[in-house]
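**Student:** Below is the file start-v2.json, with JSON, C-alpha atoms.
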[["chain", "number", "residue", "atom", "x", "y", "z"],
["A", 355, "MET", "CA", 111.10, -13.57, -81.36],
["A", 356, "THR", "CA", 113.17, -16.10, -79.43],
["A", 357, "ASP", "CA", 111.91, -18.76, -77.03],
["A", 358, "ALA", "CA", 113.42, -20.53, -74.06],
["A", 359, "VAL", "CA", 112.41, -24.03, -73.00],
["A", 360, "ILE", "CA", 112.96, -24.82, -69.32],
["A", 361, "LEU", "CA", 112.97, -28.52, -68.46],
["A", 362, "ALA", "CA", 111.32, -29.24, -65.12],
["A", 363, "GLY", "CA", 109.83, -32.73, -65.49],
["A", 364, "GLY", "CA", 112.59, -34.74, -63.84],
["A", 365, "ARG", "CA", 112.00, -36.37, -60.45],
["A", 366, "SER", "CA", 115.20, -34.99, -58.84],
["A", 367, "THR", "CA", 115.57, -37.99, -56.52],
["A", 368, "ARG", "CA", 118.82, -36.68, -54.99],
["A", 369, "PHE", "CA", 117.01, -33.58, -53.79],
["A", 370, "GLY", "CA", 114.58, -35.35, -51.47],
["A", 371, "ASP", "CA", 110.79, -35.22, -51.37],
["A", 372, "THR", "CA", 110.48, -31.56, -52.45],
["A", 373, "ASP", "CA", 110.08, -30.69, -56.12],
["A", 374, "LYS", "CA", 113.41, -29.12, -56.95],
["A", 375, "ALA", "CA", 111.98, -26.96, -59.73],
["A", 376, "VAL", "CA", 109.87, -24.88, -57.37],
["A", 377, "ALA", "CA", 111.99, -25.14, -54.23],
["A", 378, "ARG", "CA", 112.68, -21.68, -52.81],
["A", 379, "LEU", "CA", 116.17, -20.53, -53.68],
["A", 380, "ALA", "CA", 116.85, -17.43, -51.56],
["A", 381, "GLY", "CA", 113.13, -16.66, -51.49],
["A", 382, "ARG", "CA", 112.24, -17.41, -55.11],
["A", 383, "ALA", "CA", 111.38, -20.66, -56.91],
["A", 384, "MET", "CA", 114.50, -22.03, -58.57],
["A", 385, "ILE", "CA", 112.81, -22.33, -61.96],
["A", 386, "ARG", "CA", 111.90, -18.65, -61.71],
["A", 387, "ARG", "CA", 115.54, -17.85, -60.93],
["A", 388, "VAL", "CA", 116.44, -19.51, -64.24],
["A", 389, "ALA", "CA", 113.73, -17.64, -66.14],
["A", 390, "ASP", "CA", 114.74, -14.30, -64.64],
["A", 391, "ARG", "CA", 118.24, -14.78, -66.05],
["A", 392, "LEU", "CA", 116.71, -15.13, -69.52],
["A", 393, "LEU", "CA", 114.71, -11.90, -69.53],
["A", 394, "SER", "CA", 117.28, -10.02, -71.60],
["A", 395, "THR", "CA", 117.76, -12.79, -74.18],
["A", 396, "THR", "CA", 114.39, -14.44, -74.84],
["A", 397, "ASP", "CA", 110.86, -13.17, -75.47],
["A", 398, "ARG", "CA", 108.84, -16.16, -74.30],
["A", 399, "VAL", "CA", 109.23, -19.12, -71.96],
["A", 400, "VAL", "CA", 107.96, -22.67, -72.39],
["A", 401, "VAL", "CA", 108.10, -24.86, -69.29],
["A", 402, "ASN", "CA", 108.13, -28.61, -69.81],
["A", 403, "CYS", "CA", 106.80, -30.43, -66.76],
["A", 404, "ARG", "CA", 104.57, -33.18, -65.39],
["A", 405, "ALA", "CA", 100.85, -32.63, -64.83],
["A", 406, "ASP", "CA", 101.27, -32.63, -61.05],
["A", 407, "GLN", "CA", 103.69, -29.68, -61.27],
["A", 408, "VAL", "CA", 101.49, -27.32, -63.28],
["A", 409, "GLU", "CA", 99.84, -25.49, -60.38],
["A", 410, "ALA", "CA", 103.06, -24.77, -58.49],
["A", 411, "ILE", "CA", 104.86, -23.69, -61.64],
["A", 412, "GLY", "CA", 101.97, -21.39, -62.50],
["A", 413, "GLU", "CA", 102.34, -19.76, -59.10],
["A", 414, "ALA", "CA", 106.09, -19.34, -59.62],
["A", 415, "PHE", "CA", 105.47, -17.45, -62.86],
["A", 416, "ALA", "CA", 102.40, -15.49, -61.71],
["A", 417, "ASP", "CA", 104.05, -12.09, -62.20],
["A", 418, "TYR", "CA", 106.61, -12.99, -64.87],
["A", 419, "PRO", "CA", 106.81, -10.18, -67.44],
["A", 420, "ARG", "CA", 107.00, -12.43, -70.52],
["A", 421, "PRO", "CA", 104.49, -14.92, -71.96],
["A", 422, "VAL", "CA", 104.79, -18.36, -70.36],
["A", 423, "THR", "CA", 103.43, -21.60, -71.83],
["A", 424, "VAL", "CA", 103.31, -24.89, -69.95],
["A", 425, "ALA", "CA", 104.00, -27.99, -72.07],
["A", 426, "GLU", "CA", 102.99, -31.06, -70.10],
["A", 427, "ASP", "CA", 104.67, -34.39, -70.73],
["A", 428, "PRO", "CA", 102.10, -36.70, -72.31],
["A", 429, "ASP", "CA", 104.02, -39.65, -70.87],
["A", 430, "PRO", "CA", 105.98, -38.52, -67.79],
["A", 431, "ASP", "CA", 109.33, -39.90, -66.68],
["A", 432, "GLU", "CA", 110.63, -40.64, -70.17],
["A", 433, "GLY", "CA", 113.78, -38.61, -69.59],
["A", 434, "PRO", "CA", 115.19, -35.26, -70.72],
["A", 435, "MET", "CA", 115.14, -36.08, -74.44],
["A", 436, "ALA", "CA", 111.38, -36.54, -74.35],
["A", 437, "GLY", "CA", 111.10, -33.35, -72.33],
["A", 438, "ILE", "CA", 113.10, -31.42, -74.92],
["A", 439, "ARG", "CA", 110.84, -32.77, -77.66],
["A", 440, "THR", "CA", 107.66, -31.79, -75.80],
["A", 441, "GLY", "CA", 108.98, -28.36, -74.92],
["A", 442, "LEU", "CA", 110.21, -27.55, -78.42],
["A", 443, "ARG", "CA", 106.88, -28.64, -79.92],
["A", 444, "ALA", "CA", 105.29, -25.77, -77.98],
["A", 445, "THR", "CA", 107.70, -23.08, -79.18],
["A", 446, "GLU", "CA", 106.91, -20.45, -81.76],
["A", 447, "SER", "CA", 110.40, -19.31, -82.74],
["A", 448, "GLU", "CA", 112.66, -21.01, -85.26],
["A", 449, "TYR", "CA", 115.41, -21.42, -82.66],
["A", 450, "ALA", "CA", 115.01, -21.94, -78.94],
["A", 451, "PHE", "CA", 117.33, -22.12, -75.97],
["A", 452, "VAL", "CA", 116.85, -25.27, -73.88],
["A", 453, "VAL", "CA", 117.94, -25.23, -70.25],
["A", 454, "ALA", "CA", 117.42, -27.38, -67.18],
["A", 455, "CYS", "CA", 115.44, -25.90, -64.29],
["A", 456, "ASP", "CA", 118.33, -26.48, -61.87],
["A", 457, "MET", "CA", 120.79, -24.11, -63.59],
["A", 458, "PRO", "CA", 120.08, -20.78, -61.85],
["A", 459, "PHE", "CA", 123.38, -19.20, -62.86],
["A", 460, "VAL", "CA", 122.74, -19.44, -66.61],
["A", 461, "ASP", "CA", 124.70, -16.61, -68.22],
["A", 462, "PRO", "CA", 122.67, -14.38, -70.58],
["A", 463, "ALA", "CA", 125.80, -13.56, -72.57],
["A", 464, "LEU", "CA", 126.30, -17.25, -73.33],
["A", 465, "VAL", "CA", 122.66, -17.65, -74.36],
["A", 466, "THR", "CA", 123.01, -14.77, -76.81],
["A", 467, "HIS", "CA", 126.22, -16.28, -78.18],
["A", 468, "LEU", "CA", 124.58, -19.68, -78.66],
["A", 469, "PHE", "CA", 121.74, -18.13, -80.64],
["A", 470, "GLU", "CA", 124.26, -16.37, -82.86],
["A", 471, "ARG", "CA", 126.33, -19.52, -83.41],
["A", 472, "ALA", "CA", 123.29, -21.69, -84.14],
["A", 473, "ARG", "CA", 122.16, -19.60, -87.10],
["A", 474, "GLY", "CA", 122.45, -21.62, -90.29],
["A", 475, "ASN", "CA", 122.80, -24.84, -88.31],
["A", 476, "ASP", "CA", 120.45, -27.12, -86.41],
["A", 477, "ALA", "CA", 122.06, -26.48, -83.05],
["A", 478, "ALA", "CA", 124.85, -24.88, -81.04],
["A", 479, "VAL", "CA", 125.90, -27.17, -78.19],
["A", 480, "PRO", "CA", 128.56, -26.38, -75.57],
["A", 481, "ARG", "CA", 131.12, -29.04, -74.71],
["A", 482, "VAL", "CA", 133.02, -28.22, -71.53],
["A", 483, "GLY", "CA", 134.85, -29.72, -68.59],
["A", 484, "ASP", "CA", 135.28, -33.44, -69.11],
["A", 485, "GLY", "CA", 134.09, -33.14, -72.71],
["A", 486, "TRP", "CA", 130.44, -33.80, -71.95],
["A", 487, "PHE", "CA", 127.97, -32.21, -74.35],
["A", 488, "GLN", "CA", 125.74, -29.75, -72.47],
["A", 489, "THR", "CA", 122.57, -30.74, -74.32],
["A", 490, "THR", "CA", 120.32, -29.18, -71.68],
["A", 491, "HIS", "CA", 122.09, -25.85, -72.05],
["A", 492, "ALA", "CA", 122.00, -25.40, -75.81],
["A", 493, "VAL", "CA", 120.20, -23.69, -78.69],
["A", 494, "TYR", "CA", 118.31, -25.81, -81.21],
["A", 495, "ARG", "CA", 116.40, -25.26, -84.41],
["A", 496, "ALA", "CA", 113.11, -26.39, -82.94],
["A", 497, "GLU", "CA", 111.68, -28.38, -85.84],
["A", 498, "ALA", "CA", 114.94, -30.20, -86.54],
["A", 499, "MET", "CA", 115.48, -31.13, -82.90],
["A", 500, "VAL", "CA", 111.91, -32.37, -82.47],
["A", 501, "ASP", "CA", 112.41, -34.64, -85.49],
["A", 502, "ALA", "CA", 115.79, -35.81, -84.19],
["A", 503, "CYS", "CA", 114.32, -36.63, -80.76],
["A", 504, "GLU", "CA", 111.48, -38.55, -82.39],
["A", 505, "ARG", "CA", 113.93, -40.63, -84.43],
["A", 506, "ALA", "CA", 116.09, -41.37, -81.40],
["A", 507, "LEU", "CA", 113.13, -42.31, -79.20],
["A", 508, "GLU", "CA", 111.66, -44.54, -81.89],
["A", 509, "ALA", "CA", 115.02, -46.31, -82.10],
["A", 510, "GLY", "CA", 114.88, -46.99, -78.37],
["A", 511, "GLU", "CA", 117.60, -44.46, -77.52],
["A", 512, "ARG", "CA", 117.43, -42.72, -74.15],
["A", 513, "LYS", "CA", 120.78, -40.94, -74.03],
["A", 514, "VAL", "CA", 120.20, -37.23, -74.33],
["A", 515, "ILE", "CA", 123.06, -36.88, -76.82],
["A", 516, "ALA", "CA", 121.48, -39.35, -79.26],
["A", 517, "PRO", "CA", 119.52, -36.73, -81.27],
["A", 518, "LEU", "CA", 122.77, -34.97, -82.17],
["A", 519, "GLU", "CA", 123.49, -37.80, -84.61],
["A", 520, "HIS", "CA", 120.63, -36.48, -86.74],
["A", 521, "LEU", "CA", 121.58, -32.79, -86.62],
["A", 522, "GLU", "CA", 124.02, -30.42, -88.28],
["A", 523, "TYR", "CA", 125.41, -28.68, -85.19],
["A", 524, "VAL", "CA", 128.32, -26.56, -84.04],
["A", 525, "VAL", "CA", 130.27, -27.34, -80.89],
["A", 526, "ILE", "CA", 131.07, -24.50, -78.51],
["A", 527, "ASP", "CA", 134.19, -25.58, -76.65],
["A", 528, "GLU", "CA", 135.25, -24.40, -73.21],
["A", 529, "ARG", "CA", 137.70, -21.84, -74.56],
["A", 530, "GLU", "CA", 134.99, -20.24, -76.68],
["A", 531, "VAL", "CA", 132.56, -20.24, -73.75],
["A", 532, "GLU", "CA", 135.07, -18.47, -71.53],
["A", 533, "ARG", "CA", 135.55, -15.72, -74.11],
["A", 534, "VAL", "CA", 131.93, -14.63, -73.63],
["A", 535, "ALA", "CA", 130.68, -15.98, -70.30],
["A", 536, "SER", "CA", 131.38, -17.71, -67.02],
["A", 537, "LEU", "CA", 131.52, -21.49, -66.72],
["A", 538, "GLU", "CA", 129.21, -21.03, -63.73],
["A", 539, "SER", "CA", 126.47, -20.98, -66.35],
["A", 540, "PHE", "CA", 126.60, -24.80, -66.39],
["A", 541, "GLU", "CA", 126.42, -25.24, -62.63],
["A", 542, "ASN", "CA", 123.44, -27.36, -61.69],
["A", 543, "LEU", "CA", 122.01, -27.98, -58.23],
["A", 544, "ASN", "CA", 121.27, -31.63, -57.55],
["A", 545, "THR", "CA", 121.39, -31.89, -53.78],
["A", 546, "ARG", "CA", 120.14, -29.90, -50.80],
["A", 547, "GLU", "CA", 123.75, -29.09, -49.90],
["A", 548, "GLU", "CA", 124.44, -27.58, -53.33],
["A", 549, "PHE", "CA", 121.15, -25.72, -53.11],
["A", 550, "GLU", "CA", 121.99, -24.12, -49.76],
["A", 551, "ARG", "CA", 125.46, -23.10, -50.91],
["A", 552, "ALA", "CA", 123.96, -21.49, -54.03],
["A", 553, "ALA", "CA", 121.33, -19.65, -51.99],
["A", 554, "SER", "CA", 124.02, -17.70, -50.16],
["A", 555, "ARG", "CA", 125.21, -16.29, -53.50],
["A", 556, "PHE", "CA", 121.79, -14.73, -54.15],
["A", 557, "ARG", "CA", 121.49, -13.08, -50.76]]
As structure tokens - that is how I would like this structure written.

**Tutor:**
Amino acid sequence: MTDAVILAGGRSTRFGDTDKAVARLAGRAMIRRVADRLLSTTDRVVVNCRADQVEAIGEAFADYPRPVTVAEDPDPDEGPMAGIRTGLRATESEYAFVVACDMPFVDPALVTHLFERARGNDAAVPRVGDGWFQTTHAVYRAEAMVDACERALEAGERKVIAPLEHLEYVVIDEREVERVASLESFENLNTREEFERAASRFR
């Protein structure tokens, strides 16, 4: 049994007034596009979101063929680290893949590879492009990452990489990623323009 946690609680201010998570990407909610890419690699989905998103997210997953759990943020707008903590608290598997809701090109082959590389460690985290850790596109040992997020938040940290200081993790560099998957997996859609360009690739 493997779980995926999809982070949807951000306000997506660059996207406009519409909730990016459930905006229609070529006819389907973007968060559902992400979840559909995970069908071959995970058995269950946990969606972390705000209370005001629950109804629309429920509609997006109405006919999803895997169990879906909604993990509401107890205190919204605390950032992605708090969202990861809340989402992982609701998982049932030892390891879980965490991904942002605006990454509709997530590559299943990479997800599988991250699960394999995380075994025996607390996390497998890609580091690509300009060297930035892709913490919202990584596999974590759920209990360890929840504890690490708690420690970082209690220390007043808000940077999403802060919990890594408390974990034993492996880094998946760009060369290793490209051996198994496309770097498009990390593409995220922040603006309406990016969204419209991506939509054409689904049609």

**Student:** Interatomic distance between CA of Val534 (chain A) and CA of Thr466 (chain A)?

**Tutor:**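 Going from CA of Val534 (chain A) over to CA of Thr466 (chain A) covers 9.5 Å.
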
**Student:** Could you check how far CA of Arg505 (chain A) sits from CA of Ile438 (chain A), in Å to one decimal?

**Tutor:**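 Between these atoms lies a distance of 13.3 Å.
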
**Student:** Which residue out of A:Ala509, A:Val452, A:Leu464, A:Val524 has the minimum interatomic distance to Asp476 (chain A) when all atoms listed in the file are used?

**Tutor:**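 Answer, going by the shortest atom-to-atom distance: A:Val524.
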
**Student:** Give me the residues near Leu361 (chain A) as a PyMOL selection string, where near means some atom within 6 Å (using all atoms listed in the file) and where sequence neighbours in that chain fewer than 4 positions away do not count.

**Tutor:** chain A and resi 402+454-455

**Student:** Using CA of Ala535 (chain A) and CA of Glu547 (chain A) as the two end points, give the distance in Å to one decimal.

**Tutor:** 25.2 Å

**Student:** Kindly indicate which residue among A:Leu468, A:Val479, A:Ile360, A:Met384 lies nearest to Thr423 (chain A), using all atoms listed in the file for the distances.

**Tutor:** A:Ile360

**Student:** So which residues touch Asp427 (chain A) within 7 Å, counting all atoms listed in the file, skipping near sequence neighbours fewer than 6 positions away, as a list in words?

**Tutor:**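 Skipping anything fewer than 6 positions along the chain leaves Asn402, Cys403, Arg404, Gly437 and Thr440 of chain A.
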
**Student:** Find the residue from A:Arg471, A:Arg439, A:His491, A:Arg420 that sits nearest to Glu541 (chain A); use only C-alpha atoms when measuring.

**Tutor:**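 Going through A:Arg471, A:Arg439, A:His491, A:Arg420 one by one, the smallest distance to Glu541 (chain A) is for A:His491.
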
**Student:** Hey, which of A:Ala358, A:Leu442, A:Met435, A:Ala472 ends up closest to Tyr523 (chain A)? Count all atoms listed in the file.

**Tutor:** A:Ala472

**Student:** Go through A:Met457, A:Val465, A:Leu521, A:Ile385 and flag the residue nearest Ala477 (chain A), using all atoms listed in the file for the distances.

**Tutor:** A:Leu521

**Student:** Return the single residue from A:Asp461, A:Glu511, A:Glu470, A:Glu532 that is closest to Asp390 (chain A), with distances computed using only C-alpha atoms.

**Tutor:**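 Closest candidate: A:Asp461.
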